[in-house]
Amino acid sequence: MVLPNVLSFPIVFYGALLAGAAVVPMNPLLKAREIEYYLRDSGARIVVAGEQSAEPATEAACTVGIEDVTVGPALPGALLADEGLTGPVDRADGDTAVILYTSGTTGQPKGAELTHAGLNSNARTTQETLLEGTPDDVIMGCLPLFHVFGLTCSLNAGVLAGSSLTLIPRFDGAKALSVVERDGVTVFQGVPTMFSAMLHSPDAGEADVSSLRLCVSGGSAMPVEVMRSFEETFGCIVLEGYGLSETSPVASFNHPHAERKPGSIGTPIRGVELRLVDDDGKDVAAGDVGEIAIRGENVMKSYWNRPEDTATAIPDGWFRTGDLARQDEDGYFFIVDRKKEMIIRGGYNVYPREIEEALYEHPAVAEVACIGISHPDLGEEVVAAVALKPGASADPDELQAFVKERVAAYKYPRHVWLVDSLPKGPTGKILRRSVEVPEQVGRR
């Protein structure tokens with residue numbers, strides 16, 4: 001499926017599952033060679049594309065030698081059978097329902113096999129214990145449905161609750177605010193950059209968002225300052241959670257009827273366990289930083305046709321996430337960074353998230369990415385790219401001094417530069433690895 005957030009998506013998605021097929025959702029912005037990779041790797045037999053993706057999808061399908069179908073934004077007539085199913089084709093709980101390709105930050109993308117049971121339980125737990133949705137709710141579908149966050153938490157959980165889903169094919173902060181007002185949206189779900197875009201929209205102070213009862217953030221860590229400002233501006237509660245493509249996706253959350261800790265990913269959801277481990281898979285000492293390992297009904301079956309990668313990711317029944325975190329005395333987890341994005345400067349560990357949080361406290365800062373570059377003596381040096389809020393002004397020296405006052409001397413960025421915007425993935429998550437470093441600053 002190569003479809004944006006349009007009505008055709010749920011019709012094709014649920015139709016395929018009812019027919020007993022497994023689905024490979026893809027970003028509609030992919031080029032032909034990228035689609036071709038997914039088709040070959042998954043062994044797909046048919047590709048269904050929206051009108052704006054028809055050309056690259058058809059080209060890829062022809063290269064691979066499979067059927068392609070183009071559908072409109074509403075009823076996909078080209079796919080309708082002469083006779084409808086009398087019931088769903090029988091499938092076991094452990095059968096693969098969705099093959100979801102990870103972003104492939106190292107090597108080629110891998111297909112996470114998500115099962116019928118895993119997706120069902122994760123959507124049900126999300127609906128019953130986090131969203132607490134009803135048929136009166138209207139969920140804002142800004143998250144791409146081809147991404148597991150949108151698929152599970154917006155579409156599947158919304159259908160389970162009998163809620164309405166209002167879709168935006170391409171996110172825009174001002175548009176999102178107007179749709180909240182127009183449709184009486186009660187539950188907004190997004191990644192942190194979406195919250196920032198709404199917060200910094202020129203219409204932020206005028207939109208009527210009084211219908212909102214709950215906002216949910218995931219996909220990447222939400223800066224505490226962004227959360228605080230959003231809640232103050234729009235008068236609603238933001239619950240932050242955590243998950244991955246391989247975990248269907250929800251693994252932990254700030255639960256609605258428990259203490260909420262800004263900056264935390266909360267505690268494990270129903271049916272899921274989290275622990276922090278060292279490089280040998282042993283539990284770290286209380287209060288120490290360790291890699292998050294997850295076990296539960298939400299964890300993928302395997303990486304599609306990649307037994308070695310699967311064994312590395314799940315060596316002992318616990319999925320290794322590559323995310324580093326601390327756990328406080330109340331059992332709440334706090335992400336400090338991706339394992340591979342940690343900067344080691346002169347033997348000291350620097351977590352980009354901490355530096356970014358400090359920069360977000362500056363009133364002129366809209367978005368920031370802290371990364372490490374090569375250094376002949378220290379190994380790595382800390383640097384940061386910053387995008388300012390519309391109409392705001394600040395120079396790099398000012399921003400550097402601002403952070404220097406807030407973090408240890410070895411942590412503050414030795415180079416800060418301004419950019420118009422930061423590179424983002426399909427869900428709006430800032431991609432640190434794609435940040436371009438100015439020549440005068442150094443090399444990655």
# chains A, B, ... in the order shown; residues from 1 in each chain; ligands from 1
call {"tool": "residues_around", "arguments": {"residues": "Glu225 in chain A", "least_positions_apart": "4", "cutoff": "12 Å", "atoms": "only C-alpha atoms", "output": "list in words"}}
result
Pro192, Phe195, Ser196, Leu199, Ala221, Ser229, Phe230, Glu231, Glu232, Pro262, Gly263, Glu356, Glu357, Ala358, Leu359, Tyr360, Glu361, His362, Pro363, Val365, Ala366 and Glu367 of chain A
call {"tool": "write_last_selection", "arguments": {"atoms": "C-alpha atoms", "output": "tab-separated table (two decimals), in the first residue's frame"}}
result
chain	number	residue	atom	x	y	z
A	192	PRO	CA	6.61	16.76	18.97
A	195	PHE	CA	2.84	20.22	18.60
A	196	SER	CA	5.50	22.87	17.93
A	199	LEU	CA	2.03	26.24	19.03
A	221	ALA	CA	11.08	12.81	22.87
A	229	SER	CA	3.81	25.90	26.50
A	230	PHE	CA	1.33	23.77	24.53
A	231	GLU	CA	-0.67	22.89	27.63
A	232	GLU	CA	-0.73	26.51	28.79
A	262	PRO	CA	6.98	15.73	31.90
A	263	GLY	CA	10.08	14.49	30.13
A	356	GLU	CA	18.53	20.10	23.11
A	357	GLU	CA	16.34	20.51	26.20
A	358	ALA	CA	18.55	23.37	27.37
A	359	LEU	CA	18.35	25.11	23.99
A	360	TYR	CA	14.55	24.71	23.86
A	361	GLU	CA	14.35	26.86	26.99
A	362	HIS	CA	15.58	29.85	24.96
A	363	PRO	CA	12.51	31.87	23.92
A	365	VAL	CA	14.29	28.55	19.60
A	366	ALA	CA	11.73	26.51	17.62
A	367	GLU	CA	13.70	23.35	16.77
call {"tool": "select_by_dssp", "arguments": {"residues": "range 122-364 of chain A", "states": "helix (DSSP H, G or I)", "output": "mmCIF file with C-alpha atoms, in the first residue's frame"}}
result
data_model
loop_
_atom_site.group_PDB
_atom_site.id
_atom_site.type_symbol
_atom_site.label_atom_id
_atom_site.label_comp_id
_atom_site.auth_asym_id
_atom_site.auth_seq_id
_atom_site.Cartn_x
_atom_site.Cartn_y
_atom_site.Cartn_z
ATOM 1 C CA ASN A 122 -1.726 -3.066 21.342
ATOM 2 C CA ALA A 123 -4.675 -1.197 19.820
ATOM 3 C CA ARG A 124 -7.029 -2.552 22.490
ATOM 4 C CA THR A 125 -4.702 -1.628 25.351
ATOM 5 C CA THR A 126 -4.180 1.846 23.828
ATOM 6 C CA GLN A 127 -7.926 2.347 23.537
ATOM 7 C CA GLU A 128 -8.947 0.941 26.922
ATOM 8 C CA THR A 129 -6.146 2.211 29.191
ATOM 9 C CA LEU A 130 -4.795 5.346 27.479
ATOM 10 C CA LEU A 131 -7.320 6.991 25.144
ATOM 11 C CA VAL A 148 2.609 2.188 13.079
ATOM 12 C CA PHE A 149 1.870 5.054 15.518
ATOM 13 C CA GLY A 150 -0.963 6.315 13.328
ATOM 14 C CA LEU A 151 -2.061 2.824 12.290
ATOM 15 C CA THR A 152 -2.433 1.484 15.840
ATOM 16 C CA CYS A 153 -3.247 4.532 17.967
ATOM 17 C CA SER A 154 -5.412 6.508 15.542
ATOM 18 C CA LEU A 155 -7.005 4.053 13.113
ATOM 19 C CA ASN A 156 -7.204 0.706 14.917
ATOM 20 C CA ALA A 157 -7.834 2.115 18.397
ATOM 21 C CA GLY A 158 -10.387 4.555 16.974
ATOM 22 C CA VAL A 159 -12.272 1.776 15.181
ATOM 23 C CA LEU A 160 -12.308 -0.327 18.369
ATOM 24 C CA ALA A 161 -13.855 2.597 20.252
ATOM 25 C CA GLY A 173 -0.062 23.543 12.004
ATOM 26 C CA ALA A 174 -2.636 26.180 11.059
ATOM 27 C CA LYS A 175 -4.734 23.622 9.163
ATOM 28 C CA ALA A 176 -4.683 21.273 12.156
ATOM 29 C CA LEU A 177 -5.977 24.014 14.456
ATOM 30 C CA SER A 178 -8.780 24.862 12.038
ATOM 31 C CA VAL A 179 -9.820 21.193 11.775
ATOM 32 C CA VAL A 180 -9.857 20.837 15.575
ATOM 33 C CA GLU A 181 -12.310 23.732 15.671
ATOM 34 C CA ARG A 182 -14.322 22.653 12.619
ATOM 35 C CA ASP A 183 -14.791 18.985 13.592
ATOM 36 C CA PRO A 192 6.612 16.763 18.973
ATOM 37 C CA THR A 193 7.240 18.769 15.788
ATOM 38 C CA MET A 194 3.463 18.818 15.137
ATOM 39 C CA PHE A 195 2.836 20.225 18.598
ATOM 40 C CA SER A 196 5.501 22.873 17.934
ATOM 41 C CA ALA A 197 3.964 23.793 14.559
ATOM 42 C CA MET A 198 0.536 24.305 16.134
ATOM 43 C CA LEU A 199 2.030 26.239 19.026
ATOM 44 C CA VAL A 224 9.586 19.719 28.271
ATOM 45 C CA GLU A 225 9.315 23.397 27.364
ATOM 46 C CA VAL A 226 7.218 22.618 24.268
ATOM 47 C CA MET A 227 4.865 20.465 26.351
ATOM 48 C CA ARG A 228 4.499 23.145 29.026
ATOM 49 C CA SER A 229 3.809 25.897 26.496
ATOM 50 C CA PHE A 230 1.328 23.765 24.533
ATOM 51 C CA GLU A 231 -0.666 22.887 27.628
ATOM 52 C CA GLU A 232 -0.725 26.514 28.791
ATOM 53 C CA THR A 233 -1.713 27.867 25.376
ATOM 54 C CA PHE A 234 -4.424 25.342 24.531
ATOM 55 C CA SER A 245 7.882 -0.129 14.812
ATOM 56 C CA GLU A 246 8.987 -3.470 16.241
ATOM 57 C CA THR A 247 6.641 -3.118 19.247
ATOM 58 C CA PRO A 307 17.048 -14.614 11.139
ATOM 59 C CA GLU A 308 20.461 -13.241 12.125
ATOM 60 C CA ASP A 309 19.146 -9.702 12.602
ATOM 61 C CA THR A 310 16.211 -11.116 14.556
ATOM 62 C CA ALA A 311 18.523 -13.099 16.855
ATOM 63 C CA THR A 312 20.615 -9.972 17.480
ATOM 64 C CA ALA A 313 17.551 -7.843 18.228
ATOM 65 C CA LYS A 339 22.537 4.351 21.910
ATOM 66 C CA LYS A 340 24.201 5.133 18.602
ATOM 67 C CA GLU A 341 23.580 8.896 18.847
ATOM 68 C CA PRO A 352 22.119 15.142 22.727
ATOM 69 C CA ARG A 353 18.650 15.187 24.302
ATOM 70 C CA GLU A 354 19.976 17.012 27.372
ATOM 71 C CA ILE A 355 21.622 19.740 25.284
ATOM 72 C CA GLU A 356 18.527 20.101 23.112
ATOM 73 C CA GLU A 357 16.338 20.511 26.195
ATOM 74 C CA ALA A 358 18.549 23.367 27.367
ATOM 75 C CA LEU A 359 18.346 25.114 23.993
ATOM 76 C CA TYR A 360 14.555 24.710 23.855
#
call {"tool": "closest_residue", "arguments": {"among": "A:Gly111, A:Gly235, A:Pro256, A:Gly218", "to": "Ala204 in chain A", "atoms": "only C-alpha atoms"}}
result
A:Gly235
call {"tool": "closest_residue", "arguments": {"among": "A:Ile294, A:Val64, A:Leu418, A:Ala78", "to": "Glu273 in chain A", "atoms": "only C-alpha atoms"}}
result
A:Ile294
call {"tool": "residues_around", "arguments": {"residues": "Gly94 in chain A", "least_positions_apart": "3", "cutoff": "7 Å", "atoms": "only C-alpha atoms", "output": "number ranges by chain"}}
result
A: 115-117
call {"tool": "write_last_selection", "arguments": {"atoms": "all heavy atoms", "output": "compact mmCIF listing (two decimals), in the first residue's frame"}}
result
# COMPACT_ATOMS: atom_id res chain seq x y z
N THR A 115 2.18 -9.21 14.16
CA THR A 115 1.15 -10.25 14.07
C THR A 115 -0.25 -9.69 14.32
O THR A 115 -0.42 -8.58 14.84
CB THR A 115 1.41 -11.35 15.10
OG1 THR A 115 1.29 -10.79 16.43
CG2 THR A 115 2.81 -11.95 14.93
N HIS A 116 -1.25 -10.50 13.96
CA HIS A 116 -2.64 -10.12 14.23
C HIS A 116 -2.84 -9.91 15.74
O HIS A 116 -3.46 -8.93 16.16
CB HIS A 116 -3.59 -11.21 13.72
CG HIS A 116 -3.73 -11.23 12.23
ND1 HIS A 116 -4.66 -10.46 11.57
CD2 HIS A 116 -3.05 -11.90 11.27
CE1 HIS A 116 -4.56 -10.67 10.26
NE2 HIS A 116 -3.59 -11.53 10.05
N ALA A 117 -2.32 -10.83 16.55
CA ALA A 117 -2.50 -10.72 18.00
C ALA A 117 -1.79 -9.51 18.56
O ALA A 117 -2.32 -8.80 19.42
CB ALA A 117 -1.99 -11.99 18.69
call {"tool": "closest_residue", "arguments": {"among": "A:Gln189, A:Gly162, A:Gly241, A:Thr96", "to": "Met140 in chain A", "atoms": "only C-alpha atoms"}}
result
A:Gln189
call {"tool": "decode", "arguments": {"residues": "range 66-150 of chain A", "atoms": "C-alpha atoms", "output": "tab-separated table (two decimals), in the first residue's frame"}}
result
chain	number	residue	atom	x	y	z
A	66	ILE	CA	3.80	-7.70	-10.27
A	67	GLU	CA	0.35	-6.15	-10.60
A	68	ASP	CA	-0.30	-2.51	-9.71
A	69	VAL	CA	-3.59	-0.75	-9.04
A	70	THR	CA	-4.21	2.99	-8.66
A	71	VAL	CA	-7.07	4.11	-6.42
A	72	GLY	CA	-8.70	7.47	-5.76
A	73	PRO	CA	-8.96	9.13	-2.35
A	74	ALA	CA	-12.43	7.72	-1.63
A	75	LEU	CA	-13.89	4.33	-2.59
A	76	PRO	CA	-11.24	2.19	-4.34
A	77	GLY	CA	-13.54	0.77	-7.02
A	78	ALA	CA	-10.68	-0.85	-8.95
A	79	LEU	CA	-10.14	-3.27	-6.06
A	80	LEU	CA	-13.72	-4.21	-5.26
A	81	ALA	CA	-14.55	-7.90	-5.69
A	82	ASP	CA	-17.62	-9.09	-7.60
A	83	GLU	CA	-18.84	-10.73	-4.40
A	84	GLY	CA	-18.05	-9.66	-0.87
A	85	LEU	CA	-16.62	-11.97	1.78
A	86	THR	CA	-19.15	-13.66	4.05
A	87	GLY	CA	-16.56	-13.49	6.84
A	88	PRO	CA	-12.85	-12.94	7.39
A	89	VAL	CA	-10.42	-15.53	6.05
A	90	ASP	CA	-9.21	-17.52	9.06
A	91	ARG	CA	-5.79	-16.54	10.34
A	92	ALA	CA	-3.94	-17.58	13.51
A	93	ASP	CA	-3.04	-15.02	16.17
A	94	GLY	CA	0.64	-15.49	15.40
A	95	ASP	CA	0.27	-15.00	11.64
A	96	THR	CA	1.80	-11.90	10.09
A	97	ALA	CA	-0.69	-9.07	9.50
A	98	VAL	CA	1.69	-6.23	8.64
A	99	ILE	CA	5.31	-6.06	7.50
A	100	LEU	CA	6.49	-2.64	8.56
A	101	TYR	CA	9.86	-1.50	7.31
A	102	THR	CA	12.10	0.31	9.75
A	103	SER	CA	13.86	3.48	8.67
A	104	GLY	CA	17.15	1.71	8.08
A	105	THR	CA	19.51	4.18	9.76
A	106	THR	CA	22.18	1.51	9.31
A	107	GLY	CA	22.10	-0.66	6.20
A	108	GLN	CA	18.96	-1.45	4.26
A	109	PRO	CA	15.49	-1.21	5.86
A	110	LYS	CA	14.30	-4.34	7.66
A	111	GLY	CA	10.70	-5.54	7.66
A	112	ALA	CA	9.27	-5.98	11.15
A	113	GLU	CA	6.63	-8.74	11.12
A	114	LEU	CA	3.72	-7.58	13.27
A	115	THR	CA	1.15	-10.25	14.07
A	116	HIS	CA	-2.64	-10.12	14.23
A	117	ALA	CA	-2.50	-10.72	18.00
A	118	GLY	CA	0.21	-8.12	18.59
A	119	LEU	CA	-1.53	-5.36	16.65
A	120	ASN	CA	-4.92	-6.22	18.13
A	121	SER	CA	-3.74	-6.26	21.74
A	122	ASN	CA	-1.73	-3.07	21.34
A	123	ALA	CA	-4.67	-1.20	19.82
A	124	ARG	CA	-7.03	-2.55	22.49
A	125	THR	CA	-4.70	-1.63	25.35
A	126	THR	CA	-4.18	1.85	23.83
A	127	GLN	CA	-7.93	2.35	23.54
A	128	GLU	CA	-8.95	0.94	26.92
A	129	THR	CA	-6.15	2.21	29.19
A	130	LEU	CA	-4.80	5.35	27.48
A	131	LEU	CA	-7.32	6.99	25.14
A	132	GLU	CA	-10.46	5.71	26.91
A	133	GLY	CA	-12.28	6.55	23.70
A	134	THR	CA	-16.03	6.46	23.12
A	135	PRO	CA	-18.28	6.74	20.05
A	136	ASP	CA	-18.55	10.45	20.87
A	137	ASP	CA	-14.83	11.05	20.36
A	138	VAL	CA	-13.28	12.59	17.25
A	139	ILE	CA	-9.64	11.62	16.77
A	140	MET	CA	-7.37	13.82	14.68
A	141	GLY	CA	-5.57	11.64	12.12
A	142	CYS	CA	-2.47	13.73	11.49
A	143	LEU	CA	-0.06	10.86	12.01
A	144	PRO	CA	0.63	8.95	8.78
A	145	LEU	CA	-1.46	5.79	8.73
A	146	PHE	CA	1.41	4.03	6.92
A	147	HIS	CA	3.38	4.50	10.15
A	148	VAL	CA	2.61	2.19	13.08
A	149	PHE	CA	1.87	5.05	15.52
A	150	GLY	CA	-0.96	6.32	13.33
